[in-house]
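Below is run-v7.txt, which holds compact mmCIF, C-alpha atoms.
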# COMPACT_ATOMS: atom_id res chain seq x y z
CA MET A 1 0.00 0.00 0.00
CA PRO A 2 1.22 3.56 -0.61
CA LEU A 3 2.95 5.27 2.29
CA HIS A 4 1.75 8.57 3.67
CA SER A 5 3.80 11.46 2.31
CA MET A 6 4.87 12.43 5.86
CA VAL A 7 6.39 8.97 6.31
CA THR A 8 8.21 9.09 3.00
CA GLU A 9 9.58 12.60 3.60
CA SER A 10 10.77 11.77 7.11
CA VAL A 11 12.51 8.55 6.12
CA VAL A 12 14.15 10.08 3.05
CA GLY A 13 15.44 12.94 5.23
CA TYR A 14 16.81 10.47 7.75
CA LEU A 15 18.54 8.27 5.17
CA GLU A 16 20.07 11.26 3.40
CA ALA A 17 21.38 12.58 6.71
CA VAL A 18 22.88 9.30 7.91
CA ASP A 19 24.38 8.49 4.49
CA ALA A 20 26.02 11.91 4.33
CA LEU A 21 27.73 11.45 7.69
CA ALA A 22 28.39 7.70 7.58
CA PRO A 23 28.02 6.18 4.10
CA GLY A 24 27.15 2.50 4.26
CA LEU A 25 26.39 2.45 7.99
CA VAL A 26 22.66 1.73 7.64
CA GLU A 27 22.33 -1.22 5.27
CA GLY A 28 18.68 -2.02 5.93
CA PHE A 29 15.72 0.10 6.96
CA TYR A 30 12.27 -1.36 7.65
CA LEU A 31 9.04 0.22 8.74
CA GLU A 32 6.95 -1.53 11.37
CA GLY A 33 4.15 -0.26 13.62
CA SER A 34 1.32 1.88 12.28
CA ALA A 35 3.05 2.82 9.02
CA ALA A 36 3.55 -0.85 8.14
CA LEU A 37 0.06 -1.85 9.29
CA GLY A 38 -1.71 0.78 7.20
CA ASP A 39 -2.79 2.88 10.18
CA PHE A 40 -0.47 5.89 10.11
CA GLN A 41 -2.34 8.92 11.47
CA PRO A 42 -0.63 12.28 10.74
CA HIS A 43 -2.04 13.92 13.88
CA SER A 44 -0.84 11.27 16.32
CA SER A 45 1.40 8.54 14.86
CA ASP A 46 5.15 8.27 15.01
CA ILE A 47 7.21 6.31 12.48
CA ASP A 48 8.39 2.99 13.92
CA PHE A 49 11.42 1.40 12.30
CA VAL A 50 14.06 -1.30 12.53
CA ALA A 51 17.41 -0.24 11.06
CA VAL A 52 20.07 -2.83 10.23
CA THR A 53 23.84 -2.35 10.32
CA ALA A 54 26.57 -4.82 9.40
CA ASP A 55 28.14 -4.71 12.86
CA ARG A 56 27.19 -3.29 16.21
CA PRO A 57 27.81 0.46 16.01
CA ASP A 58 31.10 1.50 17.59
CA THR A 59 31.63 4.75 19.47
CA THR A 60 32.07 6.75 16.27
CA ALA A 61 28.97 5.28 14.67
CA LEU A 62 26.93 5.88 17.81
CA GLY A 63 28.04 9.50 17.77
CA THR A 64 26.92 9.80 14.17
CA LEU A 65 23.51 8.31 14.90
CA ALA A 66 23.09 10.61 17.89
CA GLU A 67 23.91 13.60 15.68
CA VAL A 68 21.45 12.56 12.99
CA HIS A 69 18.60 12.04 15.44
CA ALA A 70 19.38 15.33 17.19
CA LYS A 71 19.00 17.14 13.86
CA LEU A 72 15.77 15.33 13.08
CA ARG A 73 14.40 16.15 16.54
CA ASN A 74 14.37 19.83 15.60
CA ARG A 75 11.79 19.08 12.93
CA ARG A 76 8.10 18.73 13.62
CA ARG A 77 6.56 15.35 14.32
CA PRO A 78 6.29 12.55 13.38
CA PHE A 79 9.25 11.25 15.35
CA LEU A 80 11.34 8.37 14.06
CA ASP A 81 11.07 5.75 16.80
CA GLY A 82 13.08 2.61 16.32
CA VAL A 83 15.93 0.30 17.09
CA TYR A 84 19.27 -0.60 15.49
CA VAL A 85 20.13 -4.27 15.02
CA THR A 86 22.57 -6.25 12.87
CA TRP A 87 21.82 -8.78 10.17
CA GLU A 88 23.03 -11.47 12.57
CA ASP A 89 20.46 -10.30 15.13
CA LEU A 90 17.51 -11.01 12.84
CA PRO A 91 17.40 -14.81 13.25
CA ARG A 92 18.18 -14.57 16.99
CA GLY A 93 15.61 -11.91 17.78
CA GLY A 94 13.99 -12.21 21.18
CA ALA A 95 16.44 -14.91 22.24
CA ASP A 96 19.05 -12.13 22.57
CA ASP A 97 18.04 -9.56 25.17
CA ARG A 98 21.15 -7.37 24.96
CA ARG A 99 20.43 -3.65 24.87
CA ARG A 100 20.43 -1.89 21.50
CA PRO A 101 20.81 1.66 20.20
CA ARG A 102 17.34 3.16 20.03
CA SER A 103 15.50 6.36 19.18
CA HIS A 104 12.32 7.22 21.05
CA GLY A 105 10.39 10.46 21.03
CA GLY A 106 13.11 11.94 18.87
CA ARG A 107 15.86 11.17 21.40
CA PHE A 108 18.66 8.73 20.68
CA THR A 109 19.89 6.31 23.35
CA PRO A 110 22.99 4.17 22.69
CA ASP A 111 21.87 1.41 25.10
CA GLY A 112 18.09 1.30 24.81
CA SER A 113 15.82 -1.66 25.42
CA PRO A 114 15.95 -4.55 22.93
CA PRO A 115 13.07 -5.08 20.49
CA ASN A 116 10.08 -6.80 22.05
CA PRO A 117 8.34 -9.80 20.45
CA VAL A 118 5.63 -7.59 18.91
CA THR A 119 8.30 -5.68 17.00
CA TRP A 120 9.89 -8.89 15.72
CA HIS A 121 6.57 -10.41 14.67
CA THR A 122 5.43 -7.19 12.98
CA LEU A 123 8.74 -6.93 11.14
CA ALA A 124 8.56 -10.54 9.97
CA ARG A 125 4.93 -10.38 8.79
CA TYR A 126 4.34 -6.78 7.79
CA GLY A 127 7.72 -5.02 7.63
CA VAL A 128 8.04 -2.52 4.78
CA PRO A 129 11.56 -2.46 3.33
CA LEU A 130 12.78 0.99 2.34
CA ARG A 131 16.34 -0.30 2.13
CA GLY A 132 17.43 -3.93 2.06
CA PRO A 133 15.86 -7.27 1.11
CA GLN A 134 12.21 -8.11 1.56
CA PRO A 135 11.46 -9.50 5.06
CA ALA A 136 10.20 -12.69 3.41
CA ASP A 137 13.70 -13.22 2.01
CA LEU A 138 15.31 -12.93 5.45
CA GLU A 139 15.35 -15.26 8.42
CA ILE A 140 13.61 -13.17 11.08
CA TRP A 141 13.00 -14.57 14.54
CA THR A 142 9.46 -15.23 15.71
CA ASP A 143 8.23 -17.26 18.67
CA PRO A 144 4.45 -17.51 19.26
CA GLU A 145 4.92 -18.80 22.81
CA LEU A 146 7.18 -15.93 23.81
CA LEU A 147 4.81 -13.48 22.09
CA THR A 148 2.00 -14.82 24.28
CA ARG A 149 4.07 -14.50 27.44
CA TRP A 150 5.12 -10.95 26.58
CA THR A 151 1.53 -9.97 25.78
CA THR A 152 0.10 -11.29 29.03
CA GLY A 153 2.96 -9.67 30.93
CA ASN A 154 2.23 -6.32 29.28
CA LEU A 155 -1.42 -6.56 30.29
CA ASP A 156 -0.41 -7.24 33.89
CA HIS A 157 2.59 -5.00 34.32
CA TYR A 158 1.53 -2.00 32.26
CA TRP A 159 -2.21 -1.87 31.72
CA ARG A 160 -3.43 -3.13 35.10
CA ARG A 161 -1.04 -0.78 36.84
CA ARG A 162 -2.13 2.10 34.62
CA LEU A 163 -5.73 1.49 35.66
CA ASP A 164 -4.73 1.27 39.31
CA ARG A 165 -2.79 4.55 39.17
CA SER A 166 -5.79 6.42 37.77
CA THR A 167 -8.34 5.04 40.24
CA ARG A 168 -8.34 8.24 42.30
CA LEU A 169 -9.67 11.06 40.16
CA ALA A 170 -7.92 13.69 42.28
CA SER A 171 -4.47 12.60 41.07
CA ARG A 172 -2.35 13.33 38.04
CA ALA A 173 -3.18 9.96 36.46
CA GLY A 174 -6.84 10.48 37.35
CA VAL A 175 -6.95 13.81 35.54
CA VAL A 176 -5.24 12.29 32.49
CA SER A 177 -7.89 9.56 32.48
CA LEU A 178 -10.46 12.20 31.51
CA SER A 179 -8.59 13.16 28.34
CA ASP A 180 -9.09 12.26 24.69
CA PHE A 181 -5.60 10.78 24.78
CA GLU A 182 -6.54 8.25 27.46
CA THR A 183 -9.46 6.97 25.41
CA SER A 184 -7.49 6.72 22.18
CA TRP A 185 -4.55 5.07 24.00
CA THR A 186 -6.21 2.64 26.40
CA VAL A 187 -9.11 1.26 24.38
CA PRO A 188 -7.07 0.10 21.36
CA GLY A 189 -4.07 -0.61 23.59
CA VAL A 190 -5.69 -3.39 25.58
CA THR A 191 -7.77 -4.56 22.63
CA ARG A 192 -4.86 -5.20 20.30
CA LEU A 193 -3.26 -7.42 22.98
CA HIS A 194 -6.51 -9.37 23.29
CA TYR A 195 -6.45 -9.76 19.50
CA THR A 196 -2.91 -11.12 19.61
CA LEU A 197 -3.80 -13.67 22.29
CA ALA A 198 -6.91 -14.72 20.37
CA THR A 199 -5.34 -14.97 16.92
CA GLY A 200 -1.55 -14.99 17.27
CA ASN A 201 -1.47 -12.03 14.89
CA ILE A 202 -0.75 -8.30 15.24
CA ALA A 203 -3.34 -5.52 14.98
CA SER A 204 -3.02 -1.79 14.49
CA LYS A 205 -4.85 0.56 16.86
CA GLN A 206 -7.56 1.21 14.30
CA GLY A 207 -7.79 -2.49 13.51
CA ALA A 208 -8.16 -3.21 17.22
CA CYS A 209 -11.18 -0.90 17.44
CA HIS A 210 -12.85 -2.75 14.58
CA TYR A 211 -11.99 -6.04 16.29
CA ALA A 212 -13.70 -4.78 19.44
CA LEU A 213 -16.86 -3.98 17.50
CA GLY A 214 -16.94 -7.49 16.06
CA THR A 215 -15.93 -9.34 19.22
CA PHE A 216 -17.37 -7.75 22.35
CA ALA A 217 -20.96 -7.17 23.43
CA ALA A 218 -22.95 -4.19 22.19
CA ARG A 219 -22.51 -2.66 25.66
CA TRP A 220 -18.95 -1.77 24.63
CA HIS A 221 -19.54 -0.53 21.09
CA ARG A 222 -19.90 3.13 22.02
CA ILE A 223 -16.48 3.33 23.67
CA ALA A 224 -14.89 1.44 20.76
CA LYS A 225 -16.45 3.87 18.29
CA GLU A 226 -15.33 6.82 20.41
CA ALA A 227 -11.75 5.52 20.39
CA LEU A 228 -11.98 4.98 16.63
CA ARG A 229 -13.26 8.54 16.15
CA LEU A 230 -10.33 9.94 18.09
CA ARG A 231 -7.79 7.60 16.48
CA THR A 232 -8.72 8.58 12.94
CA GLY A 233 -9.13 12.28 13.71
CA ALA A 234 -12.63 12.14 12.30
CA GLY A 235 -13.73 15.14 14.36
CA GLY A 236 -17.31 15.75 15.34
CA ARG A 237 -18.84 15.63 18.77
CA SER A 238 -17.95 13.07 21.39
CA LEU A 239 -20.32 10.12 21.70
CA TYR A 240 -20.41 10.83 25.46
CA PRO A 241 -22.22 13.65 27.26
CA THR A 242 -19.39 14.15 29.78
CA HIS A 243 -15.73 13.26 30.25
CA LEU A 244 -16.64 11.47 33.47
CA SER A 245 -19.08 9.13 31.76
CA ARG A 246 -16.51 8.35 29.08
CA ARG A 247 -13.82 7.77 31.71
CA ARG A 248 -16.06 5.25 33.44
CA ASP A 249 -16.56 3.30 30.22
CA VAL A 250 -12.85 3.38 29.37
CA ARG A 251 -11.95 1.94 32.75
CA ASP A 252 -14.73 -0.66 32.76
CA TYR A 253 -13.94 -1.69 29.19
CA ALA A 254 -10.22 -2.04 29.88
CA ALA A 255 -10.86 -4.15 32.97
CA MET A 256 -13.23 -6.37 30.99
CA VAL A 257 -10.75 -6.87 28.14
CA ILE A 258 -7.90 -7.69 30.50
CA GLU A 259 -10.00 -10.33 32.27
CA SER A 260 -11.18 -11.75 28.96
CA ALA A 261 -7.60 -11.92 27.71
CA GLN A 262 -6.54 -13.75 30.86
CA ALA A 263 -9.33 -16.25 30.30
CA LEU A 264 -7.98 -16.88 26.78
CA VAL A 265 -4.59 -17.78 28.24
CA ASN A 266 -6.02 -20.02 30.96
CA ARG A 267 -8.48 -21.97 28.85

Would you give me this structure, written as structure tokens?
Amino acid sequence: MPLHSMVTESVVGYLEAVDALAPGLVEGFYLEGSAALGDFQPHSSDIDFVAVTADRPDTTALGTLAEVHAKLRNRRRPFLDGVYVTWEDLPRGGADDRRRPRSHGGRFTPDGSPPNPVTWHTLARYGVPLRGPQPADLEIWTDPELLTRWTTGNLDHYWRRRLDRSTRLASRAGVVSLSDFETSWTVPGVTRLHYTLATGNIASKQGACHYALGTFAARWHRIAKEALRLRTGAGGRSLYPTHLSRRRDVRDYAAMVIESAQALVNR
């Protein structure tokens, strides 16, 4: 499918910058995330990538990458968020948990977290090559069992705790829970993990909202449609009369999805 012009312009700018400072350093460049899944939203998405080098970047190469990302950070969003691996890393994937150079929110870190199983599975199935061989022509690590473990862990360690932190309305997390962001983040966030546990596949945020409409009871359709409205930037009025009533549905929906996902694992 054609890429959004913002994605193309950002990646071309990045590749021109890195090639000018270190020709041949980045041998492969693959889109994953929303851009690869056909759900890039100009108002909210970043550009997720996996870049491939021949060898692990040395001090000089790390300095070059830091310089490139610092220059790109001065531009408007979308940010280039991604990780640097080697060709030898591709077949090892999640079996190698060593830290990797990473860019997040426009900031480069030489020892960031390694790619998680969702990244590897998205790269293997949906990765869009802008430099390098097709993913289908490469040996890229995937492990359905580890993907399941990571997914259930993310539901427990991130999403349950996020709900717990926002229980008290008179707190920073409680105030955030009233926002458009919370709806567009939490509803597809928990739903796409449920989708992965149910199907073994990967869903975009927009795809997760459609999955919710086709999977869960009609009681939850309004909050799924509200999240879809916000995700796509469709505009118009909220489907809820107040932020408080929407917050209640977001929290109840998320709790329901997490419990349903746990039941999928335990069955």

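Ranking A:Cys209, A:Ile140, A:Leu239, A:Ala66 by their shortest atom-to-atom distance to Arg125 (chain A), with only C-alpha atoms included, puts A:Ile140 first.
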
So that I can check the surroundings of Ala51 (chain A), please list as a PyMOL selection string every protein, DNA and RNA residue that reaches within 8 Å of it, counting only C-alpha atoms and ignoring chain neighbours fewer than 5 positions away.
chain A and resi 26-30+82-85

Neighbour list for Ser204 (chain A) as number ranges by chain, cut-off 9 Å, all atoms listed in the file, skip fewer than 6 positions in-chain
A: 33-34, 37-39, 188, 192

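Residue nearest Asn74 (chain A), chosen from A:Gly233, A:Phe40, A:Gly106, A:Ile202 and counting all atoms listed in the file: A:Gly106.
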
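Shortest atom-to-atom contact with Ala218 (chain A) among A:Glu9, A:Thr232, A:Tyr253, A:Phe181: A:Tyr253, counting all atoms listed in the file.
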
Go through A:Asp156, A:Glu139, A:Asp180, A:Glu67 one by one, measure the shortest atom-to-atom distance of each to Val18 (chain A) using all atoms listed in the file, and give the residue with the smallest value.
A:Glu67

Please, can region 201-216 of chain A be completed to N, CA, C and O atoms and returned as a compact mmCIF listing (two decimals), in the frame of the given file?
# COMPACT_ATOMS: atom_id res chain seq x y z
N ASN A 201 -1.85 -13.03 15.88
CA ASN A 201 -1.47 -12.03 14.89
C ASN A 201 -1.31 -10.66 15.55
O ASN A 201 -1.52 -10.51 16.76
N ILE A 202 -0.99 -9.65 14.75
CA ILE A 202 -0.75 -8.30 15.24
C ILE A 202 -1.79 -7.36 14.64
O ILE A 202 -2.09 -7.45 13.44
N ALA A 203 -2.34 -6.48 15.46
CA ALA A 203 -3.34 -5.52 14.98
C ALA A 203 -2.85 -4.10 15.19
O ALA A 203 -2.14 -3.80 16.15
N SER A 204 -3.25 -3.22 14.29
CA SER A 204 -3.02 -1.79 14.49
C SER A 204 -4.04 -1.27 15.50
O SER A 204 -5.00 -1.97 15.87
N LYS A 205 -3.88 -0.03 15.92
CA LYS A 205 -4.85 0.56 16.86
C LYS A 205 -6.23 0.67 16.22
O LYS A 205 -7.25 0.35 16.84
N GLN A 206 -6.28 1.12 14.98
CA GLN A 206 -7.56 1.21 14.30
C GLN A 206 -8.16 -0.17 14.08
O GLN A 206 -9.36 -0.39 14.28
N GLY A 207 -7.32 -1.12 13.68
CA GLY A 207 -7.79 -2.49 13.51
C GLY A 207 -8.32 -3.07 14.80
O GLY A 207 -9.30 -3.83 14.80
N ALA A 208 -7.69 -2.71 15.92
CA ALA A 208 -8.16 -3.21 17.22
C ALA A 208 -9.56 -2.70 17.54
O ALA A 208 -10.38 -3.43 18.09
N CYS A 209 -9.83 -1.44 17.19
CA CYS A 209 -11.18 -0.90 17.44
C CYS A 209 -12.23 -1.66 16.63
O CYS A 209 -13.32 -1.95 17.13
N HIS A 210 -11.91 -1.97 15.39
CA HIS A 210 -12.85 -2.75 14.58
C HIS A 210 -13.01 -4.17 15.14
O HIS A 210 -14.12 -4.73 15.11
N TYR A 211 -11.92 -4.73 15.64
CA TYR A 211 -11.99 -6.04 16.29
C TYR A 211 -12.91 -5.99 17.50
O TYR A 211 -13.72 -6.91 17.72
N ALA A 212 -12.83 -4.92 18.27
CA ALA A 212 -13.70 -4.78 19.44
C ALA A 212 -15.16 -4.77 19.03
O ALA A 212 -16.01 -5.40 19.69
N LEU A 213 -15.47 -4.06 17.95
CA LEU A 213 -16.86 -3.98 17.50
C LEU A 213 -17.39 -5.34 17.04
O LEU A 213 -18.58 -5.61 17.15
N GLY A 214 -16.51 -6.18 16.54
CA GLY A 214 -16.94 -7.49 16.06
C GLY A 214 -16.81 -8.60 17.08
O GLY A 214 -17.26 -9.72 16.83
N THR A 215 -16.23 -8.29 18.24
CA THR A 215 -15.93 -9.34 19.22
C THR A 215 -16.71 -9.19 20.52
O THR A 215 -17.22 -10.18 21.07
N PHE A 216 -16.80 -7.97 21.04
CA PHE A 216 -17.37 -7.75 22.35
C PHE A 216 -18.83 -7.30 22.27
O PHE A 216 -19.29 -6.85 21.23
